[in-house]
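Only one structure is covered here, and it is reproduced in the block below.
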Amino acid sequence: MIQFELDTDKSLFNGALDLAEKQVKTLIEGAPGFYPMYTTDGRWKHEGPPGTHWCDGFLPGMMWIFHKRGLLNKRHAVNGSAAPDPSFWFQKAAEYSQPLESRQHDQDVHDLGFIFFSSYYRWYQATKASELNVVLMQAGRTLAGRFQEKGQYLRSFVAENSLFIDLMMNVGLVFYAARESGDRRLRDIAVRHCLTTRRYLVRGDGSVGQEGIFDTSTGEFLKQTTHQGFRSDSCWSRGLTWAIYGFSTCYDYSRDPRLLETAERCADYYITHCPSDGVPPWDFQAPAETRKIVDTSAAAIAASGLLRLCRILPDPVKGHFYWNTAIRILRSLCDQYLVSTDEERDGVLKGGVYHMNRSLGIDESAMWGDYFFVEALVNALFKR
Ligand code: GLY
């Protein structure tokens with residue numbers, strides 16, 4: 001096992017986690033039952049329907065992480081945290097996870113991995129209650145229903161001819177359902193989806209396209225396009241970090257070395273194209289006028305993905321390099337982008353971007369950014 005020196009960062013990371021627990025507590029006291037996506041002018045947006053429902057697991061997911069942190073603090077006899085007792089977070093996390101149960105059958109979104117890995121999977125890990133695993137397996141089967149034989153991919157929510165890089169964060173649930181149920185057909189679907197994504201959305205230099213378009217009558221791949229990136233041939237930063245994290249997860253399930261190679265290639269693109277603080281512009285080829293706009297949510301996902309990757313890599317030297325990079329990113333986020341307690345702001349991390357091309361959630365807090373940030377902080381502190 002690699003030993004890492006973390007002492008100088010411990011108080012920084014614990015301070016950020018204390019802040020996160022405080023912000024989430026304030027949110028659920030002020031707006032009970034509300035599942036936010038991103039802030040507008042620093043406030044979780046409360047008016048109007050959200051338009052999309054891919055983020056609902058992240059709020060309970062943070063609560064499950066806080067619960068785990070509380071247990072780990074007790075086990076490691078860490079004192080001095082202002083955080084609530086773990087039983088408080090257990091009760092709240094279950095309360096906010098339970099309403100997601102019916103989403104196990106949701107055929108309208110490709111986001112069931114986002115929704116269920118953050119909520120029911122963590123709930124199941126905490127309790128081992130078999131009825132929770134039944135929900136997880138069904139969600140994986142529902143997601144597998146998106147598979148297109150012609151083209152060999154899970155279709156995105158947009159249309160039958162559309163494959164998204166974001167799906168790499170969700171296909172892990174199909175692997176999970178295959179493993180838990182013993183259904184080899186599900187595993188086969190998951191592997192084929194990953195290999196199609198690798199072939200058509202991951203470029204030779206490790207950058208990625210967000211969307212692939214196929215001819216549904218023949219399965220022929222036609223072109224790369226984008227929704228949230230700058231251009232079809234650019235590299236949207238968050239898409240790249242979904243690939244780092246997603247290919248790492250899928251390698252962990254499949255042990256297919258092609259998926260590990262892809263995760264490393266994407267990670268190396270991220271590291272070699274990022275500024276020295278590890279926080280990327282919203283798109284790696286963003287034009288001059290928006291080049292200064294960063295996406296901290298991409299940085300948080302990258303940090304968490306690199307921590308995963310470094311644990312599954314056979315090469316300890318490269319693992320150590322990814323570990324150090326993840327710590328550097330987390331340090332930058334804590335130093336430069338934490339919401340200050342003096343400000344009247346919601347959320348934990350400032351400087352996220354939801355959808356540049358639709359002018360939504362630019363330089364704001366985002367639920368997914370906060371979730372992967374706290375996941376990475378806890379894993380950096382405890383999973384060595
Ligand atoms: N649709 C997922 C994302 O905005 O990254």
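Quick note on naming: the chains in the structure tokens go A, B, ... in the order shown, residues restart at 1 in each chain, and ligands are numbered from 1 in order of appearance.
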
task: Find the residues around Gly212 of chain A up to 12 Å (only C-alpha atoms counted), leave out those fewer than 2 positions away in its own chain, and share them as a ChimeraX atom specification.
output: /A:151-156,158-167,196-202,208-210,214-216,219-227,232-233

message: Taking only C-alpha atoms and all ligand atoms and a cut-off of 8 Å, can you tell me which residues surround ligand 1, written as a PyMOL selection string?
response: chain A and resi 54+166+228+238-239+242+354-355

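Residues in contact with Leu381 of chain A at 9 Å, where only C-alpha atoms are counted and same-chain residues fewer than 5 positions away are skipped, are listed as Leu6, Asp9, Lys10, Phe13, Asn14 and Ala376 of chain A.
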
- request: Using only C-alpha atoms, determine which residues lie at most 7 Å from segment 84-90 of chain A, disregarding the query and same-chain residues fewer than 5 positions distant; provide the list as a ChimeraX atom specification.
  value: /A:63-64,66-67,70-71

Separation of atom CA of Lys68 of chain A from atom CA of Ala20 of chain A in Å: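 Distance reported for this atom pair: 14.0 Å.
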
- prompt: Near Leu349 of chain A, within 10 Å and counting only C-alpha atoms, which residues show up once chain neighbours fewer than 2 positions away are dropped, as a PyMOL selection string?
  reply: chain A and resi 16+20+296-297+300+333-334+336-340+346-347+351-352+363-367+369-371+373

Selected residues written out with N, CA, C and O atoms, as a tab-separated table (two decimals), in the first residue's frame:
chain	number	residue	atom	x	y	z
A	16	ALA	N	-13.38	22.41	5.09
A	16	ALA	CA	-14.30	22.44	3.93
A	16	ALA	C	-15.49	21.51	4.18
A	16	ALA	O	-16.63	21.84	3.83
A	20	ALA	N	-19.43	22.34	4.36
A	20	ALA	CA	-20.41	21.64	3.52
A	20	ALA	C	-21.57	21.13	4.38
A	20	ALA	O	-22.74	21.27	4.01
A	296	THR	N	-15.40	24.66	-11.66
A	296	THR	CA	-14.91	23.98	-10.46
A	296	THR	C	-15.56	22.60	-10.29
A	296	THR	O	-14.99	21.72	-9.65
A	297	SER	N	-16.77	22.44	-10.86
A	297	SER	CA	-17.39	21.11	-10.72
A	297	SER	C	-16.57	20.08	-11.48
A	297	SER	O	-16.40	18.94	-11.02
A	300	ALA	N	-13.67	19.15	-9.29
A	300	ALA	CA	-14.06	18.25	-8.18
A	300	ALA	C	-14.24	16.82	-8.69
A	300	ALA	O	-13.79	15.85	-8.05
A	333	LEU	N	-9.21	24.11	-4.73
A	333	LEU	CA	-10.64	24.37	-4.54
A	333	LEU	C	-10.89	24.94	-3.14
A	333	LEU	O	-11.67	25.89	-2.97
A	334	CYS	N	-10.23	24.37	-2.14
A	334	CYS	CA	-10.41	24.86	-0.76
A	334	CYS	C	-9.86	26.28	-0.61
A	334	CYS	O	-10.46	27.12	0.06
A	336	GLN	N	-9.32	28.65	-3.00
A	336	GLN	CA	-9.79	29.73	-3.89
A	336	GLN	C	-11.30	29.76	-4.13
A	336	GLN	O	-11.82	30.79	-4.56
A	337	TYR	N	-11.99	28.65	-3.91
A	337	TYR	CA	-13.37	28.59	-4.42
A	337	TYR	C	-14.42	28.22	-3.39
A	337	TYR	O	-15.57	28.00	-3.74
A	338	LEU	N	-14.05	28.16	-2.10
A	338	LEU	CA	-15.08	27.84	-1.10
A	338	LEU	C	-15.98	29.04	-0.87
A	338	LEU	O	-15.50	30.17	-0.81
A	339	VAL	N	-17.28	28.78	-0.75
A	339	VAL	CA	-18.21	29.83	-0.32
A	339	VAL	C	-17.76	30.31	1.06
A	339	VAL	O	-17.40	29.50	1.91
A	340	SER	N	-17.74	31.62	1.24
A	340	SER	CA	-17.31	32.16	2.54
A	340	SER	C	-18.52	32.27	3.46
A	340	SER	O	-19.63	32.58	3.02
A	346	ASP	N	-25.57	30.24	-1.12
A	346	ASP	CA	-25.83	28.81	-0.91
A	346	ASP	C	-24.70	28.01	-1.53
A	346	ASP	O	-23.87	28.54	-2.26
A	347	GLY	N	-24.70	26.71	-1.26
A	347	GLY	CA	-23.72	25.83	-1.89
A	347	GLY	C	-22.39	25.83	-1.16
A	347	GLY	O	-22.23	26.47	-0.11
A	351	GLY	N	-17.96	28.95	-8.61
A	351	GLY	CA	-17.23	28.81	-9.88
A	351	GLY	C	-17.56	27.58	-10.69
A	351	GLY	O	-16.73	27.12	-11.46
A	352	GLY	N	-18.79	27.06	-10.54
A	352	GLY	CA	-19.20	25.96	-11.40
A	352	GLY	C	-19.92	26.49	-12.64
A	352	GLY	O	-20.34	27.65	-12.68
A	363	ASP	N	-20.67	30.40	-13.41
A	363	ASP	CA	-19.98	30.92	-12.22
A	363	ASP	C	-20.89	30.80	-10.99
A	363	ASP	O	-21.08	31.76	-10.25
A	364	GLU	N	-21.44	29.64	-10.82
A	364	GLU	CA	-22.40	29.38	-9.73
A	364	GLU	C	-22.00	28.09	-9.00
A	364	GLU	O	-21.08	27.39	-9.40
A	365	SER	N	-22.75	27.80	-7.93
A	365	SER	CA	-22.58	26.50	-7.26
A	365	SER	C	-23.46	25.47	-7.96
A	365	SER	O	-24.51	25.81	-8.51
A	366	ALA	N	-23.02	24.21	-7.92
A	366	ALA	CA	-23.76	23.14	-8.59
A	366	ALA	C	-23.80	21.94	-7.64
A	366	ALA	O	-22.80	21.63	-6.98
A	367	MET	N	-24.95	21.28	-7.59
A	367	MET	CA	-25.11	20.13	-6.69
A	367	MET	C	-24.10	19.02	-6.98
A	367	MET	O	-23.56	18.41	-6.08
A	369	GLY	N	-21.18	19.36	-8.39
A	369	GLY	CA	-19.84	19.80	-8.01
A	369	GLY	C	-19.63	19.62	-6.52
A	369	GLY	O	-18.60	19.10	-6.07
A	370	ASP	N	-20.63	20.04	-5.73
A	370	ASP	CA	-20.52	19.91	-4.27
A	370	ASP	C	-20.43	18.43	-3.87
A	370	ASP	O	-19.65	18.06	-2.98
A	371	TYR	N	-21.23	17.60	-4.53
A	371	TYR	CA	-21.25	16.16	-4.18
A	371	TYR	C	-19.88	15.52	-4.42
A	371	TYR	O	-19.32	14.85	-3.54
A	373	PHE	N	-17.06	16.94	-4.76
A	373	PHE	CA	-16.07	17.58	-3.90
A	373	PHE	C	-16.04	16.91	-2.53
A	373	PHE	O	-14.98	16.50	-2.05

task: Give the answer as one residue: which of A:Met168, A:Ala93, A:Cys55, A:Leu306 has the shortest atom-to-atom distance to His193 of chain A, using only C-alpha atoms?
output: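 Counting only C-alpha atoms, the residue closest to His193 of chain A is A:Met168.
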
- request: For Ser332 of chain A, work out the shell of residues within 9 Å, counting only C-alpha atoms and skipping chain neighbours fewer than 3 positions away, then give it as a PyMOL selection string.
  value: chain A and resi 277-279+327-329+335-337

query: Which is closest to Asp188 of chain A among A:Glu149, A:Lys350, A:Leu19, A:Pro287, if we use only C-alpha atoms?
result: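 Comparing A:Glu149, A:Lys350, A:Leu19, A:Pro287 against Asp188 of chain A, the winner is A:Glu149.
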
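Neighbours of Met356 of chain A closer than or equal to 10 Å, with only C-alpha atoms counted and sequence neighbours fewer than 2 positions away skipped, come out as A:His227, A:Gln228, A:Gly229, A:Phe230, A:Trp282, A:Asp283, A:Thr290, A:Ile293, A:Val353, A:Tyr354, A:Arg358, A:Ser359, A:Leu360, A:Gly361, A:Ile362, A:Asp363.
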
- request: Based on DSSP run over this structure's backbone, return all residues of segment 129-336 of chain A in strand (DSSP E), as a list in words.
  value: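 Filtering segment 129-336 of chain A down to strand (DSSP E) leaves Phe147, Gln148, Tyr153, Leu154, Ser162, Leu163, Phe164, Glu211, Gly212, Ile213, Phe214, Phe221, Leu222, Lys223, Gln224 and Thr225 of chain A.
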
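If you look at atom CA of His110 of chain A and atom CA of Ser130 of chain A, they are 24.6 Å away from each other.
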
task: Kindly give the distance, in Å, that separates atom CA of Leu112 of chain A and atom CA of Leu143 of chain A, rounded to a single decimal.
output: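 Atom CA of Leu143 of chain A lies 6.7 Å from atom CA of Leu112 of chain A.
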
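The nearest approach to Pro99 of chain A among the residues A:Leu27, A:Leu240, A:Ile115, A:Leu12, with only C-alpha atoms taken into account, belongs to A:Ile115.
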
query: Looking at A:Leu260, A:Ala303, A:Ile312, A:Leu173, which one is nearest to Leu377 of chain A, with distances taken over only C-alpha atoms?
result: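 Nearest to Leu377 of chain A: A:Ala303.
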
query: Out of A:Phe382, A:Phe157, A:Tyr251, A:Phe372, which residue has the shortest atom-to-atom distance to Phe117 of chain A when counting only C-alpha atoms?
result: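 Distance minimum relative to Phe117 of chain A lands on A:Phe372.
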
task: Going by DSSP on the backbone, which bits of segment 60-260 of chain A are helix (DSSP H, G or I)? Write them as JSON, numbers by chain, please.
output: {"A": [60, 61, 62, 63, 64, 65, 66, 67, 68, 69, 70, 71, 72, 73, 74, 75, 86, 87, 88, 89, 90, 91, 92, 93, 94, 95, 96, 97, 98, 99, 100, 101, 102, 103, 104, 105, 112, 113, 114, 115, 116, 117, 118, 120, 121, 122, 123, 124, 125, 126, 127, 130, 131, 132, 133, 134, 135, 136, 137, 138, 139, 140, 141, 142, 143, 144, 165, 166, 167, 168, 169, 172, 173, 174, 175, 176, 177, 178, 179, 180, 181, 184, 185, 186, 187, 188, 189, 190, 191, 192, 193, 194, 195, 196, 197, 198, 199, 200, 237, 238, 239, 240, 241, 242, 243, 244, 245, 246, 247, 248, 249, 250, 251, 252, 253, 254, 257, 258, 259, 260]}

query: For Ala299 of chain A, which residue among A:Phe175, A:Tyr245, A:Phe116, A:Tyr96 is the nearest when counting only C-alpha atoms?
result: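 Among the listed residues, A:Tyr245 lies closest to Ala299 of chain A.
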